[in-house]
>>> print(open('entry12.cif').read())   # mmCIF, C-alpha atoms
data_protein
#
loop_
_atom_site.label_atom_id
_atom_site.label_comp_id
_atom_site.auth_asym_id
_atom_site.auth_seq_id
_atom_site.Cartn_x
_atom_site.Cartn_y
_atom_site.Cartn_z
CA MET A 1 -27.74 29.54 -71.96
CA VAL A 2 -30.35 26.82 -71.99
CA LYS A 3 -29.12 23.70 -70.24
CA ASN A 4 -29.91 20.23 -71.49
CA PRO A 5 -31.54 17.65 -69.17
CA GLU A 6 -28.25 15.90 -68.43
CA GLN A 7 -26.62 19.15 -67.36
CA LEU A 8 -29.66 20.06 -65.30
CA ILE A 9 -29.79 16.78 -63.40
CA GLN A 10 -26.06 16.91 -62.64
CA GLU A 11 -26.38 20.48 -61.44
CA ARG A 12 -29.37 19.69 -59.22
CA VAL A 13 -27.89 16.56 -57.67
CA ARG A 14 -24.60 18.37 -57.06
CA ARG A 15 -26.46 21.24 -55.37
CA LEU A 16 -28.34 18.86 -53.07
CA SER A 17 -25.30 16.69 -52.32
CA THR A 18 -23.07 19.67 -51.58
CA THR A 19 -25.47 21.09 -49.06
CA LEU A 20 -25.93 17.65 -47.46
CA ALA A 21 -22.15 17.61 -47.05
CA HIS A 22 -22.45 20.88 -45.08
CA LYS A 23 -20.77 22.97 -47.74
CA GLU A 24 -22.17 25.92 -49.61
CA PRO A 25 -23.39 25.00 -53.11
CA ASP A 26 -24.06 27.62 -55.81
CA ARG A 27 -27.35 28.46 -54.12
CA VAL A 28 -29.84 27.21 -51.55
CA PRO A 29 -31.72 24.16 -52.90
CA VAL A 30 -35.50 24.13 -52.82
CA PHE A 31 -38.07 21.35 -53.08
CA TRP A 32 -41.70 20.91 -52.15
CA GLY A 33 -43.14 17.63 -50.93
CA THR A 34 -46.11 17.60 -53.27
CA GLU A 35 -48.10 14.49 -52.41
CA THR A 36 -51.87 14.17 -52.96
CA TRP A 37 -51.96 17.94 -53.46
CA ILE A 38 -50.90 17.23 -57.05
CA ALA A 39 -54.36 15.83 -57.84
CA SER A 40 -56.30 19.05 -57.39
CA ASN A 41 -53.45 21.01 -58.97
CA ALA A 42 -53.94 18.95 -62.13
CA GLY A 43 -57.74 18.88 -62.05
CA PHE A 44 -58.03 15.24 -60.93
CA THR A 45 -59.42 13.64 -57.83
CA VAL A 46 -57.18 11.58 -55.58
CA GLN A 47 -59.44 8.64 -56.32
CA GLU A 48 -58.68 8.91 -60.03
CA MET A 49 -54.94 9.00 -59.43
CA VAL A 50 -54.75 5.99 -57.11
CA TYR A 51 -56.37 3.84 -59.81
CA ASP A 52 -54.99 5.46 -62.94
CA TYR A 53 -51.24 5.87 -62.68
CA GLN A 54 -51.04 7.74 -65.97
CA LYS A 55 -53.16 10.49 -64.42
CA MET A 56 -50.86 10.46 -61.40
CA ILE A 57 -47.84 10.79 -63.68
CA ARG A 58 -49.47 13.66 -65.58
CA ALA A 59 -50.18 15.38 -62.27
CA CYS A 60 -46.54 14.96 -61.22
CA GLU A 61 -45.35 16.35 -64.53
CA LYS A 62 -47.52 19.42 -64.19
CA VAL A 63 -45.65 20.21 -60.97
CA ILE A 64 -42.27 19.51 -62.57
CA GLU A 65 -43.08 21.70 -65.55
CA THR A 66 -44.50 24.66 -63.65
CA ILE A 67 -42.59 24.86 -60.36
CA ASP A 68 -39.05 23.87 -61.37
CA GLU A 69 -37.70 22.59 -58.05
CA ASP A 70 -34.24 21.14 -57.46
CA GLY A 71 -35.60 17.64 -56.93
CA TYR A 72 -38.96 16.00 -57.18
CA TRP A 73 -40.51 14.40 -54.13
CA PRO A 74 -42.14 11.24 -55.53
CA PRO A 75 -45.75 10.61 -54.55
CA LEU A 76 -44.96 8.08 -51.83
CA GLY A 77 -48.22 8.78 -50.07
CA ILE A 78 -50.31 7.92 -53.09
CA TRP A 79 -50.58 4.20 -52.59
CA PRO A 80 -51.77 2.00 -55.48
CA ALA A 81 -55.39 1.24 -54.59
CA PRO A 82 -55.63 -1.89 -56.83
CA VAL A 83 -53.17 -3.65 -54.52
CA PHE A 84 -55.34 -2.80 -51.55
CA ASP A 85 -58.44 -3.96 -53.40
CA ALA A 86 -56.82 -7.26 -54.38
CA VAL A 87 -56.07 -8.20 -50.78
CA GLY A 88 -59.00 -6.45 -49.08
CA HIS A 89 -56.80 -4.11 -47.09
CA ILE A 90 -58.41 -2.71 -43.94
CA PRO A 91 -56.03 -0.18 -42.30
CA TYR A 92 -56.10 2.51 -44.97
CA GLN A 93 -59.22 4.38 -45.98
CA ILE A 94 -59.05 5.21 -49.66
CA ALA A 95 -60.40 8.27 -51.45
CA GLY A 96 -63.79 7.62 -53.02
CA GLU A 97 -64.65 4.66 -50.82
CA THR A 98 -65.28 5.83 -47.27
CA LEU A 99 -63.71 9.21 -47.91
CA ASP A 100 -64.34 12.11 -50.21
CA SER A 101 -62.78 11.48 -53.62
CA HIS A 102 -60.38 14.41 -53.05
CA SER A 103 -59.15 13.18 -49.68
CA ALA A 104 -55.66 11.90 -48.91
CA PHE A 105 -55.47 8.43 -47.40
CA GLN A 106 -56.65 8.20 -43.83
CA TRP A 107 -55.37 5.84 -41.21
CA VAL A 108 -57.49 4.46 -38.40
CA ASP A 109 -55.62 3.62 -35.22
CA ARG A 110 -56.14 -0.11 -34.64
CA SER A 111 -54.49 -2.83 -32.61
CA PRO A 112 -54.59 -6.09 -34.59
CA MET A 113 -51.84 -7.35 -32.30
CA ALA A 114 -52.86 -7.99 -28.68
CA PRO A 115 -50.53 -7.29 -25.76
CA GLU A 116 -50.30 -11.04 -25.17
CA ASP A 117 -48.87 -11.49 -28.67
CA TYR A 118 -45.51 -9.89 -27.85
CA PRO A 119 -43.68 -13.18 -27.12
CA ARG A 120 -44.70 -14.63 -30.48
CA PHE A 121 -43.75 -11.41 -32.26
CA ILE A 122 -40.37 -11.33 -30.54
CA ALA A 123 -39.68 -15.00 -31.30
CA ASP A 124 -40.18 -14.60 -35.06
CA PRO A 125 -41.47 -11.24 -36.28
CA MET A 126 -41.50 -12.17 -39.96
CA ARG A 127 -43.63 -15.27 -39.36
CA PHE A 128 -45.89 -13.30 -37.02
CA ILE A 129 -46.41 -10.48 -39.53
CA PHE A 130 -46.99 -12.71 -42.53
CA GLU A 131 -49.05 -15.43 -40.86
CA GLU A 132 -50.89 -13.65 -38.09
CA MET A 133 -51.08 -9.93 -38.91
CA MET A 134 -51.68 -9.99 -42.64
CA PRO A 135 -54.84 -12.16 -42.45
CA LYS A 136 -56.22 -9.73 -39.85
CA ARG A 137 -55.29 -6.63 -41.83
CA ASP A 138 -56.31 -7.94 -45.28
CA VAL A 139 -59.72 -9.59 -45.55
CA GLU A 140 -58.91 -11.66 -48.64
CA LEU A 141 -55.71 -13.03 -47.10
CA GLY A 142 -57.74 -14.32 -44.17
CA LYS A 143 -59.86 -16.52 -46.43
CA PRO A 144 -59.06 -20.24 -46.92
CA TRP A 145 -56.73 -21.42 -49.67
CA PRO A 146 -56.87 -20.92 -52.61
CA ARG A 147 -58.69 -17.57 -52.22
CA ASN A 148 -55.89 -16.15 -50.08
CA SER A 149 -53.19 -17.26 -52.52
CA VAL A 150 -55.06 -15.85 -55.48
CA ALA A 151 -55.51 -12.54 -53.67
CA LEU A 152 -51.81 -12.41 -52.80
CA ALA A 153 -50.88 -13.12 -56.42
CA LYS A 154 -53.27 -10.47 -57.76
CA GLY A 155 -51.83 -7.99 -55.31
CA ALA A 156 -48.28 -8.87 -56.36
CA LEU A 157 -49.11 -8.31 -60.00
CA ALA A 158 -50.75 -4.98 -59.23
CA PHE A 159 -47.83 -3.95 -57.02
CA GLY A 160 -45.30 -4.87 -59.69
CA MET A 161 -47.20 -2.96 -62.36
CA TYR A 162 -47.33 0.10 -60.12
CA LEU A 163 -43.57 -0.02 -59.48
CA THR A 164 -42.79 -0.63 -63.14
CA THR A 165 -45.01 2.24 -64.25
CA MET A 166 -43.58 4.68 -61.74
CA GLY A 167 -40.01 3.54 -62.40
CA GLY A 168 -40.53 4.36 -66.07
CA ALA A 169 -41.87 7.78 -65.12
CA PHE A 170 -38.86 8.51 -62.89
CA ALA A 171 -36.51 7.64 -65.77
CA LYS A 172 -38.49 9.86 -68.13
CA TRP A 173 -38.36 12.81 -65.72
CA ALA A 174 -34.59 12.52 -65.60
CA GLN A 175 -34.22 12.26 -69.36
CA VAL A 176 -36.80 14.84 -70.42
CA TYR A 177 -36.75 17.38 -67.58
CA GLY A 178 -33.39 16.75 -65.96
CA MET A 179 -35.35 16.32 -62.75
CA PRO A 180 -33.96 13.95 -60.13
CA VAL A 181 -36.35 12.05 -57.87
CA LEU A 182 -35.42 12.77 -54.27
CA LEU A 183 -36.48 9.58 -52.55
CA ALA A 184 -36.08 5.88 -53.20
CA GLY A 185 -36.58 3.33 -50.51
CA ILE A 186 -38.74 3.62 -47.48
CA SER A 187 -38.78 2.13 -44.02
CA ASP A 188 -39.79 3.01 -40.49
CA PRO A 189 -37.79 2.81 -37.29
CA PRO A 190 -38.81 -0.41 -35.51
CA MET A 191 -40.90 1.21 -32.77
CA ASP A 192 -42.96 3.08 -35.38
CA PHE A 193 -43.48 -0.14 -37.33
CA ILE A 194 -44.89 -1.84 -34.26
CA SER A 195 -46.92 1.11 -33.04
CA ASP A 196 -48.31 2.26 -36.40
CA HIS A 197 -49.25 -1.11 -37.77
CA TYR A 198 -49.71 -3.70 -35.02
CA ARG A 199 -50.25 -2.27 -31.55
CA GLY A 200 -51.70 1.08 -32.55
CA PHE A 201 -50.70 4.41 -31.07
CA LYS A 202 -52.77 4.04 -27.91
CA GLY A 203 -51.70 0.45 -27.46
CA MET A 204 -48.02 1.32 -27.70
CA LEU A 205 -48.29 4.20 -25.24
CA MET A 206 -49.81 1.76 -22.73
CA ASP A 207 -47.26 -0.94 -23.52
CA ILE A 208 -44.27 1.21 -22.59
CA LYS A 209 -45.77 1.44 -19.11
CA ARG A 210 -47.12 -2.07 -18.73
CA ARG A 211 -44.67 -4.16 -20.80
CA PRO A 212 -41.54 -2.09 -21.24
CA ASP A 213 -39.22 -5.06 -21.62
CA ASP A 214 -41.44 -6.55 -24.31
CA VAL A 215 -41.37 -3.27 -26.25
CA VAL A 216 -37.58 -3.13 -26.12
CA ALA A 217 -37.29 -6.76 -27.20
CA ALA A 218 -39.86 -6.30 -29.98
CA CYS A 219 -37.96 -3.30 -31.39
CA GLU A 220 -34.76 -5.38 -31.38
CA ALA A 221 -36.55 -8.27 -33.10
CA MET A 222 -38.04 -5.92 -35.71
CA TYR A 223 -34.73 -4.22 -36.45
CA PRO A 224 -33.37 -6.60 -39.13
CA LEU A 225 -36.66 -6.36 -41.03
CA ALA A 226 -36.67 -2.56 -40.86
CA LEU A 227 -33.12 -2.43 -42.24
CA ARG A 228 -33.87 -4.92 -45.00
CA MET A 229 -37.07 -3.07 -45.88
CA ALA A 230 -35.07 0.11 -46.50
CA MET A 231 -32.55 -1.70 -48.67
CA ALA A 232 -35.05 -3.88 -50.58
CA SER A 233 -37.30 -0.93 -51.40
CA PHE A 234 -34.37 1.18 -52.60
CA GLY A 235 -34.44 -0.81 -55.82
CA GLY A 236 -30.75 -1.01 -56.65
CA PRO A 237 -27.27 -1.05 -55.18
CA PRO A 238 -26.54 1.37 -52.32
CA ALA A 239 -26.09 4.98 -53.41
CA PRO A 240 -25.91 8.33 -51.62
CA PHE A 241 -28.70 9.68 -53.82
CA PRO A 242 -31.72 9.41 -53.94
CA TRP A 243 -32.35 9.33 -50.21
CA VAL A 244 -34.10 6.68 -48.13
CA PHE A 245 -37.30 8.07 -46.62
CA LEU A 246 -37.88 7.48 -42.91
CA PRO A 247 -41.07 9.08 -41.57
CA LEU A 248 -40.96 9.22 -37.76
CA HIS A 249 -44.25 9.21 -35.93
CA ILE A 250 -44.31 8.41 -32.22
CA PRO A 251 -41.14 10.09 -30.84
CA THR A 252 -42.62 13.45 -29.93
CA TYR A 253 -45.33 11.71 -27.94
CA LEU A 254 -42.65 10.10 -25.78
CA ARG A 255 -40.83 11.73 -22.92
CA PRO A 256 -37.14 12.09 -23.77
CA LYS A 257 -36.19 9.38 -21.28
CA ASP A 258 -38.70 6.99 -22.89
CA PHE A 259 -37.45 8.03 -26.33
CA GLU A 260 -33.94 7.14 -25.20
CA ARG A 261 -34.95 3.74 -23.90
CA PHE A 262 -37.44 2.56 -26.50
CA TYR A 263 -36.98 4.47 -29.73
CA TRP A 264 -33.44 5.70 -29.98
CA PRO A 265 -31.40 2.43 -29.89
CA THR A 266 -32.92 0.81 -32.99
CA PHE A 267 -33.64 4.12 -34.76
CA SER A 268 -30.06 5.37 -34.47
CA ARG A 269 -28.74 1.94 -35.46
CA LEU A 270 -30.96 1.99 -38.55
CA VAL A 271 -29.62 5.37 -39.68
CA ASN A 272 -26.02 4.45 -38.84
CA ASP A 273 -26.17 1.08 -40.58
CA LEU A 274 -27.72 2.63 -43.68
CA ALA A 275 -25.02 5.32 -43.71
CA THR A 276 -22.30 2.70 -43.34
CA ALA A 277 -23.81 0.75 -46.22
CA GLY A 278 -23.71 3.85 -48.45
CA TYR A 279 -27.22 5.30 -48.14
CA ASN A 280 -28.37 8.72 -46.98
CA CYS A 281 -31.69 9.25 -45.21
CA LEU A 282 -34.37 11.91 -45.17
CA LEU A 283 -36.14 11.96 -41.82
CA PHE A 284 -39.60 13.47 -41.64
CA LEU A 285 -39.64 15.04 -38.19
CA GLU A 286 -43.24 15.80 -37.34
CA ASN A 287 -44.12 18.06 -34.46
CA ASP A 288 -41.60 19.73 -32.13
CA TRP A 289 -38.25 17.93 -32.02
CA GLU A 290 -36.37 20.46 -29.89
CA PRO A 291 -36.29 18.20 -26.81
CA TYR A 292 -34.62 15.53 -28.95
CA PHE A 293 -32.00 17.72 -30.64
CA PRO A 294 -29.19 16.23 -28.50
CA TYR A 295 -30.03 12.79 -29.89
CA LEU A 296 -30.25 13.92 -33.51
CA ALA A 297 -26.84 15.56 -33.08
CA GLN A 298 -25.37 12.07 -32.63
CA LEU A 299 -26.49 10.83 -36.05
CA PRO A 300 -23.78 10.48 -38.72
CA LYS A 301 -22.77 13.84 -40.16
CA GLY A 302 -23.31 14.26 -43.87
CA HIS A 303 -25.78 11.40 -44.17
CA VAL A 304 -29.05 12.79 -42.79
CA ILE A 305 -31.55 15.38 -43.96
CA GLY A 306 -34.09 16.34 -41.33
CA LEU A 307 -37.35 17.79 -42.63
CA PHE A 308 -38.53 19.78 -39.64
CA GLU A 309 -42.17 20.64 -39.20
CA LYS A 310 -41.32 23.13 -36.48
CA LYS A 311 -38.38 25.19 -35.23
CA VAL A 312 -36.24 25.01 -38.35
CA ILE A 313 -34.14 28.01 -37.34
CA GLU A 314 -33.56 26.57 -33.87
CA ALA A 315 -32.62 23.22 -35.41
CA LYS A 316 -30.07 24.80 -37.75
CA LYS A 317 -28.52 26.69 -34.87
CA ALA A 318 -28.43 23.74 -32.46
CA ILE A 319 -27.64 20.73 -34.66
CA GLY A 320 -26.96 22.19 -38.10
CA ASP A 321 -23.36 20.98 -37.94
CA THR A 322 -24.62 17.40 -38.07
CA ILE A 323 -28.03 17.34 -39.70
CA CYS A 324 -28.85 18.97 -43.03
CA VAL A 325 -31.95 20.96 -42.15
CA ALA A 326 -34.96 21.22 -44.49
CA GLY A 327 -38.20 23.11 -44.03
CA GLY A 328 -39.19 26.70 -43.33
CA LEU A 329 -42.50 27.28 -45.12
CA GLY A 330 -45.61 26.21 -43.25
CA CYS A 331 -48.60 24.81 -45.10
CA ASP A 332 -50.83 27.34 -43.37
CA LEU A 333 -48.85 30.18 -44.93
CA LEU A 334 -48.45 28.46 -48.31
CA GLY A 335 -52.17 27.76 -48.41
CA LEU A 336 -53.58 30.97 -47.02
CA GLY A 337 -50.88 33.59 -47.50
CA THR A 338 -49.94 35.78 -50.41
CA PRO A 339 -46.78 35.31 -52.51
CA GLU A 340 -45.31 38.37 -50.78
CA GLU A 341 -45.94 36.89 -47.32
CA CYS A 342 -44.43 33.56 -48.36
CA ILE A 343 -41.37 35.28 -49.81
CA ALA A 344 -40.90 37.27 -46.60
CA GLN A 345 -40.88 34.02 -44.61
CA ALA A 346 -38.49 32.40 -47.10
CA LYS A 347 -36.12 35.38 -46.75
CA LYS A 348 -36.22 35.16 -42.98
CA VAL A 349 -35.39 31.44 -42.98
CA ILE A 350 -32.68 31.74 -45.64
CA ASP A 351 -31.01 34.57 -43.74
CA ALA A 352 -30.92 32.44 -40.60
CA CYS A 353 -30.17 29.00 -42.02
CA ALA A 354 -28.31 29.28 -45.31
CA PRO A 355 -24.81 30.33 -44.13
CA GLY A 356 -22.41 27.41 -44.26
CA GLY A 357 -24.70 25.18 -46.33
CA GLY A 358 -26.62 22.28 -44.84
CA PHE A 359 -29.97 23.88 -45.53
CA ILE A 360 -32.78 23.19 -47.99
CA LEU A 361 -35.85 25.35 -48.25
CA SER A 362 -39.05 23.31 -48.34
CA ALA A 363 -42.56 23.07 -46.96
CA ASP A 364 -42.78 21.97 -43.36
CA LYS A 365 -44.52 18.75 -44.35
CA ALA A 366 -45.84 16.94 -47.40
CA LEU A 367 -48.61 18.81 -49.20
CA LEU A 368 -51.73 16.67 -49.05
CA SER A 369 -54.93 18.67 -49.38
CA PRO A 370 -55.80 21.23 -52.07
CA HIS A 371 -55.58 23.93 -49.39
CA ASP A 372 -52.05 23.08 -48.29
CA ALA A 373 -50.54 25.43 -50.86
CA LYS A 374 -51.50 27.83 -53.60
CA PRO A 375 -49.53 26.99 -56.76
CA GLU A 376 -48.61 30.65 -57.23
CA ASN A 377 -46.98 30.67 -53.79
CA LEU A 378 -44.79 27.67 -54.61
CA ILE A 379 -43.79 29.22 -57.93
CA ALA A 380 -43.04 32.61 -56.40
CA VAL A 381 -40.92 31.24 -53.55
CA THR A 382 -39.02 28.87 -55.85
CA GLN A 383 -38.14 31.78 -58.13
CA PHE A 384 -37.21 33.92 -55.14
CA VAL A 385 -34.83 31.27 -53.78
CA LYS A 386 -33.09 31.09 -57.14
CA GLU A 387 -32.38 34.79 -57.00
CA TYR A 388 -31.94 35.49 -53.29
CA GLY A 389 -30.47 32.15 -52.19
CA VAL A 390 -27.27 32.47 -54.20
CA TYR A 391 -24.03 31.92 -52.27
CA HIS A 392 -21.28 34.36 -52.99
CA GLY A 393 -18.37 32.45 -51.40
CA MET B 1 -28.26 -32.33 -90.97
CA ALA B 2 -31.39 -31.21 -89.17
CA GLU B 3 -33.04 -28.12 -90.36
CA THR B 4 -32.97 -25.28 -87.92
CA GLU B 5 -36.41 -24.02 -87.30
CA THR B 6 -36.81 -20.35 -86.78
CA THR B 7 -39.82 -18.47 -85.66
CA PRO B 8 -40.51 -15.53 -87.92
CA GLN B 9 -40.53 -12.25 -86.06
CA THR B 10 -43.80 -10.65 -86.96
CA PRO B 11 -45.02 -7.48 -85.38
CA GLN B 12 -47.96 -8.13 -83.11
CA GLU B 13 -50.72 -5.87 -82.04
CA PRO B 14 -50.28 -5.06 -78.34
CA VAL B 15 -52.83 -6.92 -76.28
CA VAL B 16 -54.60 -4.88 -73.68
CA PHE B 17 -56.03 -6.56 -70.63
CA ILE B 18 -58.76 -4.83 -68.73
CA ILE B 19 -58.77 -6.10 -65.19
CA PRO B 20 -61.91 -5.29 -63.20
CA TRP B 21 -60.54 -4.95 -59.70
CA ALA B 22 -63.67 -4.04 -57.84
CA GLU B 23 -67.22 -4.00 -59.06
CA LYS B 24 -68.18 -1.54 -56.39
CA ARG B 25 -65.97 1.15 -57.88
CA LYS B 26 -67.98 1.67 -61.03
CA GLU B 27 -66.32 4.94 -61.93
CA PHE B 28 -62.68 3.94 -61.67
CA PRO B 29 -62.61 0.17 -61.49
CA GLN B 30 -60.05 -0.63 -64.12
CA VAL B 31 -56.36 -0.91 -64.33
CA VAL B 32 -55.08 -1.14 -67.85
CA ALA B 33 -52.05 -3.35 -68.26
CA ASN B 34 -50.22 -4.36 -71.39
CA GLU B 35 -48.10 -7.41 -72.11
CA GLY B 36 -44.88 -5.54 -71.55
CA LEU B 37 -45.94 -4.38 -68.11
CA ILE B 38 -47.03 -7.84 -67.06
CA GLY B 39 -43.83 -9.30 -68.47
CA GLN B 40 -41.69 -6.92 -66.45
CA THR B 41 -43.72 -7.70 -63.36
CA TRP B 42 -43.61 -11.46 -63.81
CA ASP B 43 -40.08 -12.06 -62.58
CA MET B 44 -40.13 -10.92 -58.99
CA ASN B 45 -36.75 -11.26 -57.35
CA GLU B 46 -36.36 -12.03 -53.67
CA ASN B 47 -35.95 -8.38 -52.71
CA LEU B 48 -39.11 -7.40 -54.52
CA ILE B 49 -41.10 -10.22 -52.91
CA PHE B 50 -39.82 -9.15 -49.51
CA PHE B 51 -40.66 -5.52 -50.25
CA TYR B 52 -44.16 -6.49 -51.41
CA LEU B 53 -44.91 -8.65 -48.40
CA MET B 54 -43.48 -6.15 -45.94
CA TRP B 55 -45.34 -3.34 -47.65
CA LEU B 56 -48.59 -5.28 -47.34
CA GLY B 57 -47.77 -6.40 -43.83
CA THR B 58 -46.89 -2.98 -42.57
CA TYR B 59 -48.46 -0.19 -44.62
#
>>> encode(input="entry12.cif", output="structure tokens")
Amino acid sequence: MVKNPEQLIQERVRRLSTTLAHKEPDRVPVFWGTETWIASNAGFTVQEMVYDYQKMIRACEKVIETIDEDGYWPPLGIWPAPVFDAVGHIPYQIAGETLDSHSAFQWVDRSPMAPEDYPRFIADPMRFIFEEMMPKRDVELGKPWPRNSVALAKGALAFGMYLTTMGGAFAKWAQVYGMPVLLAGISDPPMDFISDHYRGFKGMLMDIKRRPDDVVAACEAMYPLALRMAMASFGGPPAPFPWVFLPLHIPTYLRPKDFERFYWPTFSRLVNDLATAGYNCLLFLENDWEPYFPYLAQLPKGHVIGLFEKKVIEAKKAIGDTICVAGGLGCDLLGLGTPEECIAQAKKVIDACAPGGGFILSADKALLSPHDAKPENLIAVTQFVKEYGVYHG
Amino acid sequence: MAETETTPQTPQEPVVFIIPWAEKRKEFPQVVANEGLIGQTWDMNENLIFFYLMWLGTY
């Protein structure tokens, strides 16, 4: 029987929500984090998509129409370039400018905030970010009034048009395809905010040795902004679905005892406070998180999906009672392997992780470059999961 | 009794604005916006302003 879009979206959301609740749904859910990979898949460059949102939407729809996942990972990594142009943004390198037109965004590690700036950051982080960091990170915002105000207004208009356009696309995908968008809302744990955007990776790794108390105080000061960022970007009242996206960057470069002191307090509070408010979070866990499993096990059960780049099977075994585990298919295999090899890996992970629910099959990270996956591999594995991943309870 | 003035509702051709964002990007320099899109963008609530500024200030 052919299902209509409303039936499909209810079925997909129920499947995802049931497995997040650590129960067995009708079958294992599957999604792929198709980010800038969608450009080459649709015959566009990344440069075209970041300026022409209709091309980006067409590229998304090609994935929705051909791969038929259980939820669509919105292109969060495809930032609207007109906003960056309006304000003269420095941190990101954009496809077609200093990069090849097919390249994903690149990030250069910089330290616009000096170590001596910590007291001013801690005293009033919002004022410090808006008045001191933004003029350093955005050339046009550093110019005298009225140029800076005009640039900010142009950026706001461009930002609003981007959100409005994509919001319309999300609604269309639900109505036409019955395809739910997986993520709404984005934030970073406070230490990642400070390290990624102000002190830089190298700067932060020195700061935890030279100014540990400042780092702790800065994370505490940043916390209210990180929480509000998650809620403000969600775009509506709290809801358990879609999920709030929290990409985690610096933890696996910290020793566990440094993680516990600097990262964990405000990170765990962020996840707990969001859960209490009615949100669920998807954590992107880059690199090897095994040393931090005992911490993740303390996060609120039934509210967190962990997308593991490595050791998915170990994660399910160790902390699968608390965290809904996602992952299992590496981009190296998806990009270089055959459909048969990808299916064999999917079978192995499903056999190990599916029992009891709390497992979603996915790539081990967002798909960025054209070589991160062959379309036929994604199609073959998705079809395989629909047949092999059925629960018989 | 004063006459009530009404504005006749006549269909209008959609106006398309072509905004040249950056001269240097000759190949893809334009964002096409229509009145509806600008209208929806015009009223930014406090949450959206915060999101915009934080997005600029952090990403």
>>> closest_atom_pairs(input="entry12.cif", of="chain B", to="chain A", cutoff="6 Å", atoms="all atoms listed in the file", output="JSON lines")
{"residue": "B:Thr41", "atom": "CA", "partner": "A:Gly160", "partner_atom": "CA", "distance": 4.9}
{"residue": "B:Asn47", "atom": "CA", "partner": "A:Ala232", "partner_atom": "CA", "distance": 5.1}
{"residue": "B:Phe51", "atom": "CA", "partner": "A:Ser233", "partner_atom": "CA", "distance": 5.8}
{"residue": "B:Gly57", "atom": "CA", "partner": "A:Met134", "partner_atom": "CA", "distance": 5.4}
{"residue": "B:Thr58", "atom": "CA", "partner": "A:His197", "partner_atom": "CA", "distance": 5.7}
>>> atom_distance(input="entry12.cif", atom1="atom CA of A:Thr34", atom2="atom CA of A:Trp73")
6.5 Å
>>> resolve_selection(input="entry12.cif", expression="the PyMOL selection byres ((chain A and resi 61) around 10)", output="mmCIF file with C-alpha atoms, keeping the file's coordinate frame")
data_model
loop_
_atom_site.group_PDB
_atom_site.id
_atom_site.type_symbol
_atom_site.label_atom_id
_atom_site.label_comp_id
_atom_site.auth_asym_id
_atom_site.auth_seq_id
_atom_site.Cartn_x
_atom_site.Cartn_y
_atom_site.Cartn_z
ATOM 1 C CA ILE A 38 -50.900 17.230 -57.050
ATOM 2 C CA ALA A 42 -53.940 18.950 -62.130
ATOM 3 C CA LYS A 55 -53.160 10.490 -64.420
ATOM 4 C CA MET A 56 -50.860 10.460 -61.400
ATOM 5 C CA ILE A 57 -47.840 10.790 -63.680
ATOM 6 C CA ARG A 58 -49.470 13.660 -65.580
ATOM 7 C CA ALA A 59 -50.180 15.380 -62.270
ATOM 8 C CA CYS A 60 -46.540 14.960 -61.220
ATOM 9 C CA LYS A 62 -47.520 19.420 -64.190
ATOM 10 C CA VAL A 63 -45.650 20.210 -60.970
ATOM 11 C CA ILE A 64 -42.270 19.510 -62.570
ATOM 12 C CA GLU A 65 -43.080 21.700 -65.550
ATOM 13 C CA THR A 66 -44.500 24.660 -63.650
ATOM 14 C CA ILE A 67 -42.590 24.860 -60.360
ATOM 15 C CA TYR A 72 -38.960 16.000 -57.180
ATOM 16 C CA ALA A 169 -41.870 7.780 -65.120
ATOM 17 C CA TRP A 173 -38.360 12.810 -65.720
ATOM 18 C CA TYR A 177 -36.750 17.380 -67.580
#
>>> resolve_selection(input="entry12.cif", expression="the PyMOL selection byres ((chain A and resi 260) around 12)", output="list of chain:residue names")
A:Met191, A:Val216, A:Pro251, A:Thr252, A:Leu254, A:Arg255, A:Pro256, A:Lys257, A:Asp258, A:Phe259, A:Arg261, A:Phe262, A:Tyr263, A:Trp264, A:Pro265, A:Thr266, A:Phe267, A:Ser268, A:Pro291, A:Tyr292, A:Pro294, A:Tyr295, A:Leu296
>>> residues_around(input="entry12.cif", residues="A:Ser103", least_positions_apart="6", cutoff="7 Å", atoms="all atoms listed in the file", output="MDAnalysis selection string")
chainID A and resid 46 95 369
>>> resolve_selection(input="entry12.cif", expression="the PyMOL selection byres ((chain A and resi 309-321) around 9)", output="PyMOL selection string")
chain A and resi 22+284-290+293-294+296-297+301-302+307-308+322-330+349+352-354+358-359+363-365
>>> residues_around(input="entry12.cif", residues="A:Leu282", least_positions_apart="6", cutoff="9 Å", atoms="only C-alpha atoms", output="ChimeraX atom specification")
/A:183,243-247,303-307
>>> atom_distance(input="entry12.cif", atom1="atom CA of A:Tyr118", atom2="atom CA of A:Lys202")
15.7 Å
>>> residues_around(input="entry12.cif", residues="A:Gly337", least_positions_apart="3", cutoff="9 Å", atoms="only C-alpha atoms", output="PDB file with C-alpha atoms, keeping the file's coordinate frame")
ATOM      1  CA  ASP A 332     -50.830  27.340 -43.370  1.00  0.00           C
ATOM      2  CA  LEU A 333     -48.850  30.180 -44.930  1.00  0.00           C
ATOM      3  CA  LEU A 334     -48.450  28.460 -48.310  1.00  0.00           C
ATOM      4  CA  GLU A 340     -45.310  38.370 -50.780  1.00  0.00           C
ATOM      5  CA  GLU A 341     -45.940  36.890 -47.320  1.00  0.00           C
ATOM      6  CA  CYS A 342     -44.430  33.560 -48.360  1.00  0.00           C
ATOM      7  CA  ALA A 373     -50.540  25.430 -50.860  1.00  0.00           C
ATOM      8  CA  LYS A 374     -51.500  27.830 -53.600  1.00  0.00           C
ATOM      9  CA  ASN A 377     -46.980  30.670 -53.790  1.00  0.00           C
TER      10      ASN A 377
END
